[in-house]
$ cat my_file-v1.txt   # compact mmCIF, C-alpha atoms
# COMPACT_ATOMS: atom_id res chain seq x y z
CA MET X 1 138.12 -40.85 7.44
CA ARG X 2 137.68 -39.27 4.03
CA GLU X 3 136.29 -36.08 5.63
CA ARG X 4 139.34 -35.86 7.88
CA LEU X 5 141.63 -36.20 4.89
CA ALA X 6 139.73 -33.47 3.06
CA LEU X 7 140.03 -31.24 6.12
CA LEU X 8 143.77 -31.88 6.30
CA VAL X 9 144.20 -30.99 2.63
CA LEU X 10 142.15 -27.84 3.10
CA CYS X 11 144.25 -26.80 6.10
CA GLY X 12 147.39 -27.48 4.09
CA LEU X 13 146.11 -25.30 1.27
CA ALA X 14 145.18 -22.55 3.71
CA LEU X 15 148.68 -22.66 5.19
CA ALA X 16 150.23 -22.56 1.74
CA GLY X 17 148.47 -19.22 1.29
CA CYS X 18 150.56 -17.81 4.12
CA LYS X 19 153.82 -18.08 2.21
CA ARG X 20 154.46 -15.48 -0.47
CA HIS X 21 153.88 -17.37 -3.70
CA ASP X 22 153.19 -14.11 -5.49
CA MET X 23 155.77 -12.10 -7.38
CA TYR X 24 157.18 -10.39 -4.29
CA THR X 25 160.57 -12.03 -4.64
CA GLN X 26 161.31 -12.97 -8.21
CA GLN X 27 163.99 -15.21 -9.63
CA ARG X 28 166.26 -12.41 -10.73
CA SER X 29 169.01 -10.29 -9.25
CA GLN X 30 168.53 -6.59 -8.78
CA THR X 31 171.32 -4.04 -8.86
CA TRP X 32 172.52 -4.18 -5.25
CA ASP X 33 171.58 -7.76 -4.43
CA GLN X 34 173.85 -10.23 -2.73
CA SER X 35 174.90 -13.20 -4.84
CA ARG X 36 175.69 -16.65 -3.53
CA PHE X 37 177.12 -17.60 -6.89
CA PHE X 38 179.92 -15.12 -7.49
CA PRO X 39 182.97 -15.30 -5.21
CA ASN X 40 182.95 -11.69 -3.99
CA GLY X 41 179.26 -11.88 -3.06
CA LEU X 42 178.03 -9.15 -5.44
CA SER X 43 175.46 -9.77 -8.16
CA MET X 44 176.78 -6.73 -10.06
CA ARG X 45 179.71 -7.83 -12.18
CA PRO X 46 182.84 -5.87 -13.07
CA PRO X 47 184.11 -6.41 -16.63
CA ALA X 48 186.35 -9.44 -16.95
CA PRO X 49 190.07 -8.61 -16.77
CA GLY X 50 191.40 -7.56 -20.14
CA ALA X 51 187.95 -6.79 -21.54
CA VAL X 52 187.97 -4.12 -24.25
CA PRO X 53 184.90 -1.84 -24.14
CA VAL X 54 182.99 -1.55 -27.41
CA GLN X 55 181.95 1.89 -26.34
CA GLU X 56 183.77 3.63 -23.54
CA ASP X 57 181.65 4.54 -20.53
CA ASP X 58 183.12 7.96 -19.97
CA PRO X 59 185.41 8.83 -22.89
CA ASP X 60 187.89 11.65 -22.29
CA VAL X 61 186.58 14.82 -23.87
CA PRO X 62 189.04 17.54 -24.92
CA GLN X 63 189.13 20.82 -23.02
CA PRO X 64 186.23 22.97 -24.26
CA ALA X 65 187.42 25.99 -26.22
CA VAL X 66 185.03 28.44 -24.54
CA VAL X 67 183.61 28.59 -21.04
CA THR X 68 179.86 29.12 -20.91
CA GLN X 69 177.67 30.32 -18.07
CA ALA X 70 175.96 26.91 -17.93
CA MET X 71 179.32 25.19 -17.66
CA LEU X 72 180.32 27.46 -14.75
CA ALA X 73 177.04 26.75 -12.95
CA ARG X 74 177.54 23.01 -13.39
CA GLY X 75 181.14 23.35 -12.22
CA ALA X 76 180.08 25.26 -9.11
CA GLN X 77 177.53 22.59 -8.25
CA ARG X 78 179.98 19.71 -8.77
CA PHE X 79 182.71 21.58 -6.86
CA ASP X 80 180.33 22.01 -3.91
CA ILE X 81 179.52 18.30 -3.91
CA PHE X 82 182.93 16.74 -4.42
CA CYS X 83 185.61 19.28 -3.48
CA THR X 84 184.27 21.58 -0.71
CA PRO X 85 184.45 18.93 2.03
CA CYS X 86 188.24 19.38 1.93
CA HIS X 87 189.09 22.41 -0.21
CA GLY X 88 186.41 24.65 1.32
CA ARG X 89 183.86 26.73 -0.57
CA SER X 90 186.41 29.39 -1.48
CA GLY X 91 189.18 26.93 -2.31
CA ASP X 92 191.41 27.96 0.61
CA GLY X 93 191.74 24.35 1.82
CA ASN X 94 189.87 24.78 5.11
CA GLY X 95 186.98 22.42 4.40
CA MET X 96 185.01 20.65 7.11
CA ILE X 97 186.92 17.38 6.80
CA VAL X 98 190.21 19.25 7.11
CA GLN X 99 188.92 20.86 10.30
CA ARG X 100 188.32 17.31 11.57
CA GLY X 101 191.89 16.23 10.94
CA PHE X 102 192.35 15.54 7.22
CA PRO X 103 195.75 16.78 5.90
CA HIS X 104 195.52 20.40 4.76
CA PRO X 105 195.42 20.69 0.94
CA PRO X 106 197.25 23.63 -0.63
CA SER X 107 195.14 26.75 -1.19
CA PHE X 108 194.13 27.32 -4.82
CA HIS X 109 195.16 30.95 -4.35
CA THR X 110 198.91 30.50 -4.58
CA ASP X 111 201.01 31.62 -7.52
CA ARG X 112 201.94 28.03 -8.30
CA LEU X 113 198.34 26.86 -8.69
CA ARG X 114 197.22 30.08 -10.39
CA GLU X 115 199.83 29.43 -13.03
CA ALA X 116 199.30 25.67 -13.24
CA LYS X 117 197.86 24.40 -16.52
CA ALA X 118 194.24 23.22 -16.68
CA GLN X 119 195.61 19.82 -17.64
CA HIS X 120 197.33 19.60 -14.23
CA PHE X 121 193.98 20.08 -12.46
CA TYR X 122 192.40 17.57 -14.81
CA ASP X 123 195.02 14.99 -13.97
CA VAL X 124 194.68 15.65 -10.23
CA ILE X 125 190.90 15.11 -10.35
CA THR X 126 191.31 12.00 -12.54
CA ASN X 127 194.14 10.23 -10.74
CA GLY X 128 194.37 11.94 -7.36
CA TYR X 129 197.44 13.64 -5.93
CA GLY X 130 199.38 12.59 -2.84
CA VAL X 131 196.85 11.72 -0.15
CA MET X 132 193.93 12.92 -2.27
CA TYR X 133 192.16 10.03 -4.02
CA GLY X 134 191.09 10.27 -7.66
CA TYR X 135 187.54 11.28 -8.52
CA ALA X 136 187.37 9.82 -12.04
CA SER X 137 184.60 7.38 -11.12
CA ARG X 138 182.36 10.11 -9.73
CA VAL X 139 183.26 13.18 -11.80
CA PRO X 140 182.95 12.38 -15.52
CA SER X 141 185.32 13.95 -18.00
CA ALA X 142 183.07 16.86 -19.08
CA ASP X 143 182.34 17.69 -15.44
CA ARG X 144 186.06 17.80 -14.67
CA TRP X 145 186.51 20.63 -17.19
CA ALA X 146 183.50 22.39 -15.66
CA VAL X 147 184.97 22.10 -12.16
CA ILE X 148 188.28 23.50 -13.43
CA ALA X 149 186.48 26.45 -15.02
CA TYR X 150 184.88 27.14 -11.64
CA VAL X 151 188.22 26.80 -9.83
CA ARG X 152 189.57 29.43 -12.25
CA ALA X 153 186.61 31.67 -11.34
CA LEU X 154 187.40 31.17 -7.64
CA GLN X 155 191.04 32.03 -8.24
CA ARG X 156 189.98 35.16 -10.08
CA SER X 157 187.56 36.11 -7.29
CA GLN X 158 190.17 35.80 -4.56
CA GLY X 159 193.05 37.39 -6.44
CA THR X 160 191.39 40.49 -7.87
CA PRO X 161 191.72 43.81 -5.98
CA ALA X 162 188.24 45.27 -5.42
CA ALA X 163 189.47 48.63 -6.72
CA SER X 164 189.94 47.18 -10.22
CA LEU X 165 186.23 46.28 -10.55
CA THR X 166 183.69 48.34 -12.43
CA ALA X 167 181.44 50.60 -10.35
CA ASP X 168 178.47 48.28 -10.91
CA ASP X 169 180.39 45.22 -9.74
CA ARG X 170 181.66 47.08 -6.68
CA ALA X 171 178.10 48.04 -5.76
CA ALA X 172 177.01 44.39 -6.14
CA LEU X 173 179.95 43.28 -4.00
CA ALA X 174 179.11 45.79 -1.27
CA GLN X 175 175.65 44.28 -1.10
CA VAL X 176 176.76 40.69 -0.45
CA ALA X 177 179.86 41.49 1.61
CA PRO X 178 179.52 44.88 3.28
CA MET C 179 112.25 -37.02 29.30
CA ARG C 180 114.19 -34.06 30.72
CA GLN C 181 114.53 -31.08 28.40
CA LEU C 182 117.97 -31.02 26.70
CA PHE C 183 118.21 -27.23 26.51
CA ALA C 184 117.29 -24.66 29.14
CA PRO C 185 114.92 -21.88 28.00
CA GLY C 186 117.85 -19.38 27.74
CA ALA C 187 119.88 -21.61 25.41
CA ASP C 188 118.57 -19.95 22.29
CA ALA C 189 119.67 -16.52 23.49
CA ILE C 190 123.09 -17.88 24.40
CA LEU C 191 123.43 -19.47 20.98
CA ARG C 192 122.53 -16.19 19.29
CA LEU C 193 125.04 -14.35 21.48
CA VAL C 194 127.79 -16.85 20.71
CA LEU C 195 127.06 -16.62 16.99
CA LEU C 196 127.12 -12.82 17.15
CA VAL C 197 130.39 -12.77 19.09
CA ALA C 198 131.91 -15.24 16.62
CA ALA C 199 130.83 -13.06 13.69
CA VAL C 200 132.23 -9.94 15.35
CA LEU C 201 135.48 -11.76 16.10
CA VAL C 202 135.87 -12.95 12.52
CA VAL C 203 135.12 -9.55 10.97
CA GLY C 204 137.07 -7.67 13.64
CA GLY C 205 139.97 -10.07 13.27
CA LEU C 206 140.07 -9.49 9.52
CA VAL C 207 139.97 -5.71 9.97
CA VAL C 208 142.72 -5.82 12.58
CA ALA C 209 144.84 -8.20 10.49
CA GLY C 210 144.38 -5.93 7.47
CA GLY C 211 145.35 -2.93 9.55
CA ILE C 212 148.42 -4.67 10.95
CA SER C 213 149.60 -5.85 7.54
CA ARG C 214 149.49 -2.23 6.29
CA SER C 215 150.88 -0.74 9.51
CA ASN C 216 154.20 0.99 9.98
CA TRP C 217 155.12 -1.84 12.29
CA ALA C 218 154.71 -4.50 9.59
CA TYR C 219 156.90 -2.44 7.24
CA GLY C 220 159.57 -1.96 9.89
CA VAL C 221 159.27 1.84 9.91
CA GLY C 222 161.62 3.47 12.40
CA VAL C 223 163.63 0.30 13.03
CA ALA C 224 167.30 0.55 12.14
CA PRO C 225 168.80 -2.82 11.14
CA THR C 226 172.28 -3.61 12.43
CA GLN C 227 174.96 -2.78 9.89
CA PRO C 228 178.54 -4.05 9.53
CA VAL C 229 179.74 -0.50 10.28
CA PRO C 230 177.64 1.88 12.40
CA PHE C 231 177.51 4.44 9.61
CA SER C 232 175.81 7.65 10.70
CA HIS C 233 174.08 10.07 8.32
CA LYS C 234 173.73 12.40 11.32
CA HIS C 235 177.53 12.74 11.51
CA HIS C 236 178.35 12.76 7.83
CA VAL C 237 175.39 14.77 6.50
CA GLY C 238 173.99 16.66 9.48
CA GLU C 239 177.30 17.70 11.03
CA LEU C 240 179.94 17.48 8.29
CA GLY C 241 177.55 18.69 5.58
CA ILE C 242 178.57 16.16 2.92
CA ASP C 243 176.19 16.19 -0.06
CA CYS C 244 174.14 13.03 -0.75
CA ARG C 245 175.69 12.82 -4.21
CA TYR C 246 179.22 12.50 -2.82
CA CYS C 247 178.20 8.96 -1.84
CA HIS C 248 174.93 8.20 -3.69
CA THR C 249 176.45 9.32 -6.96
CA SER C 250 173.96 7.89 -9.44
CA VAL C 251 170.80 9.25 -7.84
CA GLU C 252 170.27 11.94 -10.50
CA LYS C 253 171.11 9.74 -13.47
CA ALA C 254 169.87 6.21 -12.81
CA SER C 255 167.03 4.25 -11.33
CA THR C 256 169.15 3.34 -8.33
CA ALA C 257 170.68 5.86 -5.97
CA GLY C 258 173.65 3.61 -5.37
CA ILE C 259 175.37 2.55 -2.18
CA PRO C 260 178.90 3.96 -1.95
CA PRO C 261 181.72 1.51 -2.61
CA THR C 262 184.41 1.10 0.06
CA TRP C 263 186.66 3.33 -2.03
CA THR C 264 184.35 6.29 -1.34
CA CYS C 265 184.65 5.84 2.43
CA MET C 266 188.40 5.56 2.07
CA THR C 267 188.74 8.92 0.29
CA CYS C 268 188.45 10.29 3.84
CA HIS C 269 189.06 7.37 6.15
CA SER C 270 192.46 6.58 4.64
CA GLN C 271 193.55 9.64 6.67
CA ILE C 272 191.10 10.16 9.51
CA TRP C 273 189.97 7.75 12.22
CA THR C 274 192.42 5.30 10.68
CA GLY C 275 192.88 3.34 13.91
CA SER C 276 189.20 3.16 14.82
CA PRO C 277 187.98 -0.41 15.43
CA MET C 278 184.54 0.71 14.19
CA LEU C 279 186.06 1.20 10.76
CA ALA C 280 188.02 -2.07 10.70
CA PRO C 281 185.48 -3.75 8.35
CA VAL C 282 185.91 -0.86 5.89
CA ARG C 283 189.69 -1.22 5.86
CA ASP C 284 189.45 -5.01 5.53
CA SER C 285 186.97 -4.60 2.71
CA LEU C 286 189.42 -2.47 0.73
CA ALA C 287 192.38 -4.69 1.50
CA ASP C 288 190.58 -7.94 0.56
CA ASP C 289 188.54 -6.44 -2.30
CA LYS C 290 185.36 -7.77 -0.68
CA PRO C 291 182.35 -5.46 -0.70
CA LEU C 292 180.79 -4.40 2.60
CA HIS C 293 177.53 -6.24 3.16
CA TRP C 294 175.03 -3.50 4.09
CA THR C 295 171.57 -4.57 5.19
CA ARG C 296 168.94 -3.04 2.94
CA VAL C 297 166.69 -0.54 4.65
CA ASN C 298 164.19 0.39 1.94
CA ARG C 299 162.96 -2.29 -0.38
CA LEU C 300 160.06 -2.50 -2.79
CA PRO C 301 158.56 -5.82 -3.92
CA ASP C 302 160.11 -7.08 -7.15
CA TYR C 303 156.86 -6.41 -9.05
CA VAL C 304 157.12 -2.65 -8.51
CA TYR C 305 159.19 -0.52 -10.86
CA PHE C 306 160.88 2.50 -9.36
CA ASN C 307 163.27 5.14 -10.63
CA HIS C 308 165.14 7.74 -8.57
CA SER C 309 166.33 10.03 -11.34
CA VAL C 310 162.83 10.96 -12.55
CA HIS C 311 161.75 11.97 -9.05
CA VAL C 312 164.89 13.86 -8.13
CA THR C 313 165.21 15.79 -11.38
CA LYS C 314 161.53 16.76 -11.36
CA GLY C 315 161.66 18.32 -7.90
CA ILE C 316 160.76 15.55 -5.47
CA GLY C 317 163.13 15.77 -2.51
CA CYS C 318 164.78 12.84 -0.74
CA SER C 319 163.04 13.68 2.52
CA SER C 320 159.55 13.26 1.00
CA CYS C 321 160.28 9.54 0.89
CA HIS C 322 163.24 8.97 3.23
CA GLY C 323 162.45 11.47 5.99
CA ALA C 324 165.03 13.47 7.91
CA ILE C 325 168.05 11.36 6.97
CA ASN C 326 170.38 14.07 8.29
CA THR C 327 169.24 13.34 11.85
CA MET C 328 169.54 9.54 11.71
CA GLN C 329 172.31 8.05 13.81
CA LEU C 330 171.56 4.71 12.13
CA THR C 331 169.51 4.60 8.95
CA TYR C 332 165.90 3.50 9.24
CA ARG C 333 162.78 3.50 7.09
CA ALA C 334 160.86 6.74 7.46
CA HIS C 335 157.74 5.67 5.57
CA ALA C 336 155.98 2.43 4.76
CA PHE C 337 156.19 2.25 0.96
CA THR C 338 152.65 1.01 0.52
CA MET C 339 150.90 1.58 -2.78
CA ALA C 340 148.77 4.22 -1.04
CA PHE C 341 151.91 6.14 -0.10
CA CYS C 342 153.05 6.36 -3.71
CA LEU C 343 149.59 7.15 -5.07
CA ASN C 344 149.02 9.88 -2.51
CA CYS C 345 151.66 11.89 -4.31
CA HIS C 346 151.15 10.63 -7.86
CA ARG C 347 147.54 11.87 -7.70
CA ASN C 348 148.54 15.29 -6.28
CA PRO C 349 152.20 15.99 -7.04
CA GLN C 350 151.63 19.74 -6.57
CA ARG C 351 151.43 19.21 -2.81
CA PHE C 352 154.97 17.85 -2.61
CA ILE C 353 156.97 19.29 -5.50
CA ARG C 354 159.87 21.65 -4.68
CA THR C 355 162.19 24.00 -6.50
CA PRO C 356 165.31 22.13 -7.70
CA ASP C 357 167.64 23.50 -5.00
CA GLN C 358 165.29 22.33 -2.23
CA VAL C 359 165.46 18.68 -3.31
CA TRP C 360 168.57 18.35 -1.15
CA ASN C 361 167.10 20.15 1.86
CA MET C 362 166.16 17.50 4.41
CA GLU C 363 164.17 19.97 6.52
CA TRP C 364 161.89 21.24 3.75
CA GLN C 365 158.22 21.67 4.69
CA PRO C 366 155.49 22.86 2.32
CA GLY C 367 154.73 26.55 2.83
CA ALA C 368 151.28 28.14 3.08
CA ASP C 369 151.00 28.77 -0.67
CA GLN C 370 152.42 25.37 -1.68
CA GLU C 371 149.30 24.58 -3.75
CA ARG C 372 149.86 27.65 -5.98
CA ILE C 373 153.66 27.28 -6.29
CA GLY C 374 153.22 23.54 -6.74
CA ARG C 375 150.91 23.94 -9.72
CA ALA C 376 153.42 26.23 -11.42
CA LEU C 377 156.29 23.81 -10.75
CA VAL C 378 154.26 20.84 -12.00
CA ALA C 379 153.59 22.69 -15.26
CA GLN C 380 157.22 23.76 -15.51
CA ALA C 381 158.52 20.20 -15.08
CA HIS C 382 155.97 18.85 -17.60
CA ILE C 383 154.62 16.37 -15.08
CA ARG C 384 151.77 14.29 -16.43
CA PRO C 385 148.32 14.78 -14.91
CA GLY C 386 147.44 12.66 -11.87
CA ALA C 387 145.16 10.31 -13.81
CA GLN C 388 148.06 9.26 -16.04
CA LEU C 389 150.61 9.14 -13.24
CA SER C 390 148.43 6.79 -11.20
CA ASP C 391 147.93 4.44 -14.13
CA CYS C 392 148.82 0.89 -13.04
CA SER C 393 151.47 0.52 -15.73
CA THR C 394 153.49 3.42 -14.32
CA CYS C 395 154.68 1.21 -11.50
CA HIS C 396 153.70 -2.32 -12.54
CA ARG C 397 155.27 -3.13 -15.89

$ encode --input "my_file-v1.txt" --output "structure tokens"
Amino acid sequence: MRERLALLVLCGLALAGCKRHDMYTQQRSQTWDQSRFFPNGLSMRPPAPGAVPVQEDDPDVPQPAVVTQAMLARGAQRFDIFCTPCHGRSGDGNGMIVQRGFPHPPSFHTDRLREAKAQHFYDVITNGYGVMYGYASRVPSADRWAVIAYVRALQRSQGTPAASLTADDRAALAQVAP
Amino acid sequence: MRQLFAPGADAILRLVLLVAAVLVVGGLVVAGGISRSNWAYGVGVAPTQPVPFSHKHHVGELGIDCRYCHTSVEKASTAGIPPTWTCMTCHSQIWTGSPMLAPVRDSLADDKPLHWTRVNRLPDYVYFNHSVHVTKGIGCSSCHGAINTMQLTYRAHAFTMAFCLNCHRNPQRFIRTPDQVWNMEWQPGADQERIGRALVAQAHIRPGAQLSDCSTCHR
């Protein structure tokens, strides 16, 4: 009888080894986990309503006084990620999503938008405009100014007659766009 | 008295013992193999999702950049799953009547997050960080495979410890120039070893012995 009991206990122990008692799943929530505790099912919590941040996540930075090469490169990269799907790589508004039926945005190469203040672009990126949603959560303040600098470069590139370029620039242009 | 065992019994006993030993050892080897196999890690199996989201459509055909949706991948440990709002930047205007997208619209209306089934998951005792890999020239496809061809998202690799160490010991075999990180079709060229060494030095990547230190991933 005692041997049988011992065998049973041993089998029980062996079976217990099958369950993961290691640290595979720990008693903590990770970033994207589901929560059974909070009503909307997310373990990530938004700030409580009315909360005042001690330090703002993405404080508004003023428009930089000078445009640097690094800022333009950053702007070009961010423009390609967040704006080209609709506005197209040249800013004409013929992006891929527009070709699939999204309302056509205005081209950046109109007199109205060439003359529009940088602040107007900033506000459009922050809050959206008409059917375009805002990008504040994905394009931080400093990046918004960089994108605008790049939009200005695009506007310049599309609105400048080739004849007004220097000889060197014209030669470079002939190489990329014969 | 009649003999209890026939003369061949000894041989049979030896055979049975041998077979038993082979079965036990073989069984352990097979079990070990299975527990480390792609099958056990669910490689290539796409879980059902609340919305049949397709990277093939959105990335492969429409050309949307990973960072449009996985915004934090360059800055944080997690790549981030896009909130409903991100889908709605486009789907507020296109495919608005599609029943496939009904859960997305409901999610925005009710302020309830979509409940995606996780595809890639490490055990809780492993520390991982996306930003360090992405900013030092390790491309998404080295770990996630050809996402741009996936109709439904599946695991491309079993994230065993050996998988991670294979690269941590020899990062020069996998490292890319920064612009190629986003190229899902990248393959190492013939002179990868030479270029790789230069890129490893350029990105100040620690030598393999340090990178494969246990405390890199278990902390």

$ residues_around --input "my_file-v1.txt" --residues "Asp33 (chain X)" --least-positions-apart "3" --cutoff "7 Å" --atoms "all atoms listed in the file" --output "PyMOL selection string"
chain X and resi 29-30+42-43

$ interface_residues --input "my_file-v1.txt" --of "chain C" --to "chain X" --cutoff "7 Å" --atoms "all atoms listed in the file" --output "list of chain:residue names"
C:Leu240, C:Ile242, C:Asp243, C:Arg245, C:Tyr246, C:Thr249, C:Thr267, C:Gln271, C:Ile272, C:Lys290, C:Pro301, C:Asp302, C:Tyr303

$ atom_distance --input "my_file-v1.txt" --atom1 "CA of Ala324 (chain C)" --atom2 "CA of Trp273 (chain C)"
25.9 Å

$ residues_around --input "my_file-v1.txt" --residues "region 252-254 of chain C" --least-positions-apart "3" --cutoff "8 Å" --atoms "all atoms listed in the file" --output "NGL selection string"
:C and (249 or 257 or 307-310 or 312-313)

$ residues_around --input "my_file-v1.txt" --residues "Cys392 (chain C)" --least-positions-apart "4" --cutoff "12 Å" --atoms "all atoms listed in the file" --output "list in words"
Tyr303, Val304, Tyr305, Met339, Cys342, Leu343, His346, Gly386, Ala387, Gln388, His396 and Arg397 of chain C

$ atom_distance --input "my_file-v1.txt" --atom1 "CA of Ile373 (chain C)" --atom2 "CA of Phe79 (chain X)"
29.6 Å

$ atom_distance --input "my_file-v1.txt" --atom1 "CA of Val52 (chain X)" --atom2 "CA of Thr126 (chain X)"
20.2 Å

$ closest_residue --input "my_file-v1.txt" --among "X:Val176, X:Ala149, X:Met44, X:Leu8" --to "Ala70 (chain X)" --atoms "only C-alpha atoms"
X:Ala149

$ closest_residue --input "my_file-v1.txt" --among "C:Arg375, C:His322, C:Arg296, C:His269" --to "Arg354 (chain C)" --atoms "all atoms listed in the file"
C:Arg375

$ closest_residue --input "my_file-v1.txt" --among "C:Ile353, C:Cys268, C:Ala368, C:Val251" --to "Lys314 (chain C)" --atoms "only C-alpha atoms"
C:Ile353

$ closest_residue --input "my_file-v1.txt" --among "C:Ser250, C:Thr338, C:Gln350, C:Ser319" --to "Trp364 (chain C)" --atoms "all atoms listed in the file"
C:Ser319

$ closest_residue --input "my_file-v1.txt" --among "X:Ala116, X:Pro59, X:Pro53, X:Val9" --to "Pro140 (chain X)" --atoms "all atoms listed in the file"
X:Pro59

$ axis_aligned_box --input "my_file-v1.txt" --around "region 194-207 of chain C" --padding-each-side "3 Å" --output "AutoDock Vina command-line options"
--center_x 133.6 --center_y -11.3 --center_z 15.1 --size_x 19.0 --size_y 17.1 --size_z 17.2

$ decode --input "my_file-v1.txt" --residues "region 86-106 of chain X" --atoms "C-alpha atoms" --output "PDB file, in the first residue's frame"
ATOM      1  CA  CYS X  86      -1.839  60.666 -49.865  1.00  0.00           C
ATOM      2  CA  HIS X  87       0.115  63.741 -50.945  1.00  0.00           C
ATOM      3  CA  GLY X  88       2.521  61.833 -53.203  1.00  0.00           C
ATOM      4  CA  ARG X  89       6.302  62.075 -53.198  1.00  0.00           C
ATOM      5  CA  SER X  90       6.283  65.404 -55.026  1.00  0.00           C
ATOM      6  CA  GLY X  91       3.382  66.858 -53.060  1.00  0.00           C
ATOM      7  CA  ASP X  92       0.988  66.941 -56.026  1.00  0.00           C
ATOM      8  CA  GLY X  93      -1.693  65.027 -54.103  1.00  0.00           C
ATOM      9  CA  ASN X  94      -1.628  61.868 -56.229  1.00  0.00           C
ATOM     10  CA  GLY X  95      -0.470  59.431 -53.550  1.00  0.00           C
ATOM     11  CA  MET X  96      -1.218  55.721 -53.623  1.00  0.00           C
ATOM     12  CA  ILE X  97      -4.167  55.954 -51.230  1.00  0.00           C
ATOM     13  CA  VAL X  98      -5.690  58.718 -53.345  1.00  0.00           C
ATOM     14  CA  GLN X  99      -5.380  56.463 -56.389  1.00  0.00           C
ATOM     15  CA  ARG X 100      -7.392  53.896 -54.409  1.00  0.00           C
ATOM     16  CA  GLY X 101     -10.237  56.298 -53.740  1.00  0.00           C
ATOM     17  CA  PHE X 102      -9.229  58.674 -50.929  1.00  0.00           C
ATOM     18  CA  PRO X 103     -10.411  62.284 -51.549  1.00  0.00           C
ATOM     19  CA  HIS X 104      -7.825  64.236 -53.542  1.00  0.00           C
ATOM     20  CA  PRO X 105      -5.860  66.663 -51.335  1.00  0.00           C
ATOM     21  CA  PRO X 106      -4.907  70.019 -52.841  1.00  0.00           C
TER      22      PRO X 106
END
